[in-house]
Amino acid sequence: MRAWQRLAWTALSLLAFLALWQFLSFLVASRTVPSPLLVLDALIAAAEGGRLFYHISATLGRVGAAFFIALLLGSAVGILLGRAPKLDRLFNSWLVLFLNLPALVVIILCYVWFGLTEAAAVTAVAINKIPNVAVIMREGALALDRDLAEMARVYRFGAWKTLRHVVLPQLVPFFAAAARSGLALVWKIVLVVELLGRSSGVGFELYMAFQLFDVATILAYAFAFILVIQLIELALLQPWERAVNRWRR
Amino acid sequence: MTGLEIEITQKRFPAVGNAPPLLVYRSFRLSVEPGTFLCLLGPSGIGKTTLLNMIAGLDSDFEGRIVFHGRGTPRIAYAFQSPRLLPWRTLLENLLLVLPSTSEARERIEILLQEVGLADAAHVYPERLSLGMQRRAALARAFAVEPDLLLMDEPFVSLDEPTADRLRDLLCRLLERHPATVLFVTHDSREALRLADRILLLEGPAPAQIRRDLTVPMSREERRDKAQIEALHQQLLTS
């Protein structure tokens with residue numbers, strides 16, 4: 001399929017979605033099911049005062065910080081566990097515990113222990129994501145090629161060269177998977193964190209709109225944020241993945 | 001160049017699953033003069049690769065010792081059975097990685113790539129090349145470190161015969177220009193006669209025994225002649 005054909009199909013599919021939505025809102029005819037046009041109005045209203053931009057950038061800042069910390073620490077933990085079977089046996093049940101700990105519990109505990117601060121908010125989100133990243137990266141570290149490791153040893157690559165040219169390139173697909181699923185998970189948790197204890201961000205705005213039963217604004221923020229996340233995926237993640245996968249046949 | 005003295009009191013692989021433990025070597029002695037091209041010839045699974053791995057320092061789980069004669073620690077290069085190039089680095093990058101990053105190193109690598117006929121493929125990723133070309137690159141990488149000792153583990157298997165033969169010629173040319181002690185593992189007796197100064201015939205069942213230790217009385221030119229090799233093969237290795 002050519003590019004414009006793919007684009008046309010996407011456009012058609014979105015139009016169908018909008019049409020169905022318009023029809024349903026017409027059918028229900030209630031303020032709680034606003035039509036697409038009303039949502040667009042709400043979006044423009046939010047954008048005009050600069051509120052939309054302010055809150056989205058506050059949320060994005062938290063998403064970025066938590067995402068970065070989670071990927072860094074999660075990768076370190078995962079690679080370590082993948083390389084050291086004894087550590088893995090010792091800490092595997094911790095990992096399972098944290099994997100199944102509800103996000104809400106972590107958020108509440110962080111706020112209780114560290115206060116309603118920015119650091120507590122970001123920490124809570126990062127803790128939610130770290131075990132996830134660690135599990136994925138552990139799989140990657142377990143799958144490392146022994147033949148190439150031996151080659152690096154014989155030719156005396158040393159620790160740094162081995163890490164950079166032998167180990168990390170093998171972990172790229174796992175890292176990309178962790179980043180992809182991470183982005184989707186992190187921004188959803190950030191909204192909850194904001195709803196519970198921050199006075200800025202999309203989560204906070206959603207809470208305010210909820211108090212007023214202002215569904216149009218809620219949907220406006222949701223769509224604006226989906227758009228931003230899609231942009232990050234298209235403009236950052238995908239080009240990066242293409243660049244590191246150039247060598248594949 | 002380096003000579004070496006191998007004395008393995010015992011090397012065993014522990015039991016894995018239902019397979020019993022395997023005693024690969026017991027009281028195995030071998031000494032190799034500097035500059036010798038030694039072929040280890042024997043059936044698969046007898047422990048030839050294990051011996052190379054022990055010499056390379058990749059497998060230190062054995063009783064015994066391996067001593068190198070020469071100045072300091074020898075530079076060892078290892079041409080594995082598969083090329084073991086990093087698929088995410090170009091040929092040039094793969095070769096550059098085995099040397100410290102200096103401009104002389106780069107020059108040497110470029111000359112080596114020319115010597116093995118891969119100058120045009122320098123910026124190509126390995127998996128886009130044929131197996132023969134990948135093996136040539138692996139050979140160039142081995143010579144890049146200016147090895148005192150070159151370990152080769154069936155480096156020309158799974159190639160068609162003409163390609164394998166061209167690579168054997170290439171190996172001989174490279175060795176003339178960059179002399180080294182070579183330990184070459186193969187199960188192809190004609191290949192051994194074609195290349196080696198000395199052939200060690202290993203024999204099972206485990207632990208591996210040296211059945212025969214042959215010196216090959218042929219000049220470089222004579223070896224190119226298939227008939228000569230065949231004659232010597234009849235004389236030496238069929239009994």
# chains A, B, ... in the order shown; residues from 1 in each chain; ligands from 1
call {"tool": "closest_atom_pairs", "arguments": {"of": "chain A", "to": "chain B", "cutoff": "9 Å", "atoms": "only C-alpha atoms", "output": "tab-separated table"}}
result
residue	atom	partner	partner_atom	distance
A:Asp147	CA	B:Arg84	CA	6.8
A:Leu148	CA	B:Arg84	CA	6.1
A:Glu150	CA	B:Leu58	CA	6.8
A:Met151	CA	B:Arg84	CA	7.0
A:Ala152	CA	B:Val98	CA	8.3
A:Arg153	CA	B:Leu58	CA	7.6
A:Val154	CA	B:Ala56	CA	6.6
A:Tyr155	CA	B:Val98	CA	5.7
A:Arg156	CA	B:Val98	CA	7.2
A:Phe157	CA	B:Val98	CA	6.6
A:Lys161	CA	B:Leu97	CA	7.9
A:His165	CA	B:Leu86	CA	7.9
A:Val166	CA	B:Leu86	CA	7.1
A:Pro169	CA	B:Trp88	CA	7.1
A:Gln170	CA	B:Trp88	CA	8.9
A:Val244	CA	B:Trp88	CA	8.2
A:Asn245	CA	B:Trp88	CA	7.9
A:Arg246	CA	B:Trp88	CA	8.0
A:Trp247	CA	B:Trp88	CA	5.3
A:Arg248	CA	B:Trp88	CA	7.6
A:Arg249	CA	B:Arg128	CA	6.6
call {"tool": "write_last_selection", "arguments": {"atoms": "N, CA, C and O atoms", "output": "PDB file, in the first residue's frame"}}
result
ATOM      1  N   ASP A 147      28.540 -16.171  21.897  1.00  0.00           N
ATOM      2  CA  ASP A 147      29.597 -16.198  20.881  1.00  0.00           C
ATOM      3  C   ASP A 147      30.255 -14.828  20.743  1.00  0.00           C
ATOM      4  O   ASP A 147      31.480 -14.719  20.690  1.00  0.00           O
ATOM      5  N   LEU A 148      29.421 -13.799  20.695  1.00  0.00           N
ATOM      6  CA  LEU A 148      29.976 -12.450  20.521  1.00  0.00           C
ATOM      7  C   LEU A 148      30.726 -12.009  21.778  1.00  0.00           C
ATOM      8  O   LEU A 148      31.745 -11.328  21.685  1.00  0.00           O
ATOM      9  N   GLU A 150      32.411 -13.961  23.729  1.00  0.00           N
ATOM     10  CA  GLU A 150      33.721 -14.633  23.657  1.00  0.00           C
ATOM     11  C   GLU A 150      34.648 -13.906  22.694  1.00  0.00           C
ATOM     12  O   GLU A 150      35.832 -13.694  22.968  1.00  0.00           O
ATOM     13  N   MET A 151      34.083 -13.501  21.551  1.00  0.00           N
ATOM     14  CA  MET A 151      34.875 -12.772  20.567  1.00  0.00           C
ATOM     15  C   MET A 151      35.440 -11.499  21.204  1.00  0.00           C
ATOM     16  O   MET A 151      36.636 -11.198  21.074  1.00  0.00           O
ATOM     17  N   ALA A 152      34.587 -10.782  21.936  1.00  0.00           N
ATOM     18  CA  ALA A 152      35.031  -9.532  22.568  1.00  0.00           C
ATOM     19  C   ALA A 152      36.132  -9.803  23.590  1.00  0.00           C
ATOM     20  O   ALA A 152      37.054  -9.004  23.753  1.00  0.00           O
ATOM     21  N   ARG A 153      36.029 -10.969  24.253  1.00  0.00           N
ATOM     22  CA  ARG A 153      37.061 -11.296  25.257  1.00  0.00           C
ATOM     23  C   ARG A 153      38.390 -11.600  24.593  1.00  0.00           C
ATOM     24  O   ARG A 153      39.442 -11.119  25.007  1.00  0.00           O
ATOM     25  N   VAL A 154      38.345 -12.443  23.539  1.00  0.00           N
ATOM     26  CA  VAL A 154      39.586 -12.814  22.858  1.00  0.00           C
ATOM     27  C   VAL A 154      40.282 -11.584  22.304  1.00  0.00           C
ATOM     28  O   VAL A 154      41.502 -11.444  22.415  1.00  0.00           O
ATOM     29  N   TYR A 155      39.513 -10.681  21.718  1.00  0.00           N
ATOM     30  CA  TYR A 155      40.124  -9.508  21.095  1.00  0.00           C
ATOM     31  C   TYR A 155      40.277  -8.345  22.077  1.00  0.00           C
ATOM     32  O   TYR A 155      40.488  -7.210  21.662  1.00  0.00           O
ATOM     33  N   ARG A 156      40.121  -8.633  23.374  1.00  0.00           N
ATOM     34  CA  ARG A 156      40.400  -7.668  24.446  1.00  0.00           C
ATOM     35  C   ARG A 156      39.700  -6.334  24.232  1.00  0.00           C
ATOM     36  O   ARG A 156      40.330  -5.285  24.206  1.00  0.00           O
ATOM     37  N   PHE A 157      38.393  -6.406  24.082  1.00  0.00           N
ATOM     38  CA  PHE A 157      37.616  -5.178  23.910  1.00  0.00           C
ATOM     39  C   PHE A 157      37.630  -4.314  25.168  1.00  0.00           C
ATOM     40  O   PHE A 157      37.529  -3.113  25.088  1.00  0.00           O
ATOM     41  N   LYS A 161      34.095  -0.872  25.669  1.00  0.00           N
ATOM     42  CA  LYS A 161      33.832  -1.230  24.273  1.00  0.00           C
ATOM     43  C   LYS A 161      32.835  -2.377  24.184  1.00  0.00           C
ATOM     44  O   LYS A 161      31.970  -2.387  23.314  1.00  0.00           O
ATOM     45  N   HIS A 165      29.485  -1.689  22.149  1.00  0.00           N
ATOM     46  CA  HIS A 165      29.390  -2.244  20.796  1.00  0.00           C
ATOM     47  C   HIS A 165      28.837  -3.665  20.753  1.00  0.00           C
ATOM     48  O   HIS A 165      28.431  -4.127  19.702  1.00  0.00           O
ATOM     49  N   VAL A 166      28.875  -4.370  21.879  1.00  0.00           N
ATOM     50  CA  VAL A 166      28.420  -5.760  21.871  1.00  0.00           C
ATOM     51  C   VAL A 166      27.120  -5.920  22.651  1.00  0.00           C
ATOM     52  O   VAL A 166      26.157  -6.493  22.148  1.00  0.00           O
ATOM     53  N   PRO A 169      23.788  -2.884  21.766  1.00  0.00           N
ATOM     54  CA  PRO A 169      23.036  -3.088  20.513  1.00  0.00           C
ATOM     55  C   PRO A 169      22.099  -4.292  20.571  1.00  0.00           C
ATOM     56  O   PRO A 169      21.049  -4.279  19.935  1.00  0.00           O
ATOM     57  N   GLN A 170      22.469  -5.312  21.363  1.00  0.00           N
ATOM     58  CA  GLN A 170      21.586  -6.473  21.465  1.00  0.00           C
ATOM     59  C   GLN A 170      20.365  -6.159  22.310  1.00  0.00           C
ATOM     60  O   GLN A 170      19.345  -6.832  22.235  1.00  0.00           O
ATOM     61  N   VAL A 244      18.601   2.838  14.653  1.00  0.00           N
ATOM     62  CA  VAL A 244      19.399   1.758  15.244  1.00  0.00           C
ATOM     63  C   VAL A 244      19.140   0.417  14.569  1.00  0.00           C
ATOM     64  O   VAL A 244      19.860  -0.543  14.814  1.00  0.00           O
ATOM     65  N   ASN A 245      18.121   0.344  13.722  1.00  0.00           N
ATOM     66  CA  ASN A 245      17.840  -0.927  13.047  1.00  0.00           C
ATOM     67  C   ASN A 245      18.290  -0.940  11.588  1.00  0.00           C
ATOM     68  O   ASN A 245      17.972  -1.858  10.847  1.00  0.00           O
ATOM     69  N   ARG A 246      19.064   0.085  11.212  1.00  0.00           N
ATOM     70  CA  ARG A 246      19.534   0.195   9.836  1.00  0.00           C
ATOM     71  C   ARG A 246      20.223  -1.071   9.338  1.00  0.00           C
ATOM     72  O   ARG A 246      20.126  -1.447   8.183  1.00  0.00           O
ATOM     73  N   TRP A 247      20.993  -1.723  10.250  1.00  0.00           N
ATOM     74  CA  TRP A 247      21.821  -2.850   9.830  1.00  0.00           C
ATOM     75  C   TRP A 247      21.017  -4.080   9.462  1.00  0.00           C
ATOM     76  O   TRP A 247      21.506  -4.962   8.775  1.00  0.00           O
ATOM     77  N   ARG A 248      19.752  -4.148   9.922  1.00  0.00           N
ATOM     78  CA  ARG A 248      18.980  -5.374   9.654  1.00  0.00           C
ATOM     79  C   ARG A 248      18.695  -5.523   8.165  1.00  0.00           C
ATOM     80  O   ARG A 248      18.482  -4.554   7.474  1.00  0.00           O
ATOM     81  N   ARG A 249      18.686  -6.778   7.727  1.00  0.00           N
ATOM     82  CA  ARG A 249      18.416  -7.019   6.317  1.00  0.00           C
ATOM     83  C   ARG A 249      16.952  -6.807   6.019  1.00  0.00           C
ATOM     84  O   ARG A 249      16.094  -7.156   6.812  1.00  0.00           O
TER      85      ARG A 249
END
call {"tool": "residues_around", "arguments": {"residues": "Glu5 of chain B", "least_positions_apart": "3", "cutoff": "12 Å", "atoms": "only C-alpha atoms", "output": "PyMOL selection string"}}
result
chain B and resi 2+8+28-34+55+64-70
call {"tool": "atom_distance", "arguments": {"atom1": "atom CA of Ala122 of chain B", "atom2": "atom CA of Leu92 of chain B"}}
result
4.9 Å
call {"tool": "closest_residue", "arguments": {"among": "A:Phe213, A:Tyr54, A:Trp9, A:Phe175", "to": "Arg31 of chain A", "atoms": "only C-alpha atoms"}}
result
A:Phe213
call {"tool": "residues_around", "arguments": {"residues": "segment 133-145 of chain A", "least_positions_apart": "3", "cutoff": "7 Å", "atoms": "only C-alpha atoms", "output": "PyMOL selection string"}}
result
chain A and resi 71+74-75+77-79+81-83+129-130+148-149+170-171+174-175+178
call {"tool": "select_by_dssp", "arguments": {"residues": "segment 24-221 of chain B", "states": "strand (DSSP E or B)", "output": "PyMOL selection string"}}
result
chain B and resi 24-32+37-41+63-69+76-79+149-153+181-186+198-203+209-215
call {"tool": "atom_distance", "arguments": {"atom1": "atom CA of Asn100 of chain A", "atom2": "atom CA of Thr117 of chain A"}}
result
24.8 Å
call {"tool": "residues_around", "arguments": {"residues": "Met133 of chain B", "least_positions_apart": "2", "cutoff": "10 Å", "atoms": "only C-alpha atoms", "output": "ChimeraX atom specification"}}
result
/B:83,116-118,121,126-131,135-139,163,167
call {"tool": "closest_residue", "arguments": {"among": "B:Ala196, B:Leu214, B:Ala140, B:Ala206", "to": "Lys48 of chain B", "atoms": "only C-alpha atoms"}}
result
B:Ala206
call {"tool": "residues_around", "arguments": {"residues": "segment 199-205 of chain A", "least_positions_apart": "4", "cutoff": "9 Å", "atoms": "only C-alpha atoms", "output": "list of chain:residue names"}}
result
A:Leu52, A:Tyr54, A:His55, A:Ile56, A:Ser57, A:Ala58, A:Thr59, A:Leu60, A:Arg62, A:Val190, A:Leu191, A:Val192, A:Val193, A:Glu194, A:Leu195, A:Ala209, A:Phe210, A:Thr217, A:Ile218, A:Tyr221, A:Ala222, A:Phe225
call {"tool": "select_by_dssp", "arguments": {"residues": "segment 88-207 of chain B", "states": "helix (DSSP H, G or I)", "output": "PyMOL selection string"}}
result
chain B and resi 91-96+103-115+119-121+126-128+131-144+161-177+189-195
call {"tool": "closest_residue", "arguments": {"among": "A:Leu109, A:Leu80, A:Val63, A:Leu97", "to": "Ile232 of chain A", "atoms": "only C-alpha atoms"}}
result
A:Val63
call {"tool": "atom_distance", "arguments": {"atom1": "atom CA of Arg223 of chain B", "atom2": "atom CA of Leu151 of chain B"}}
result
21.4 Å
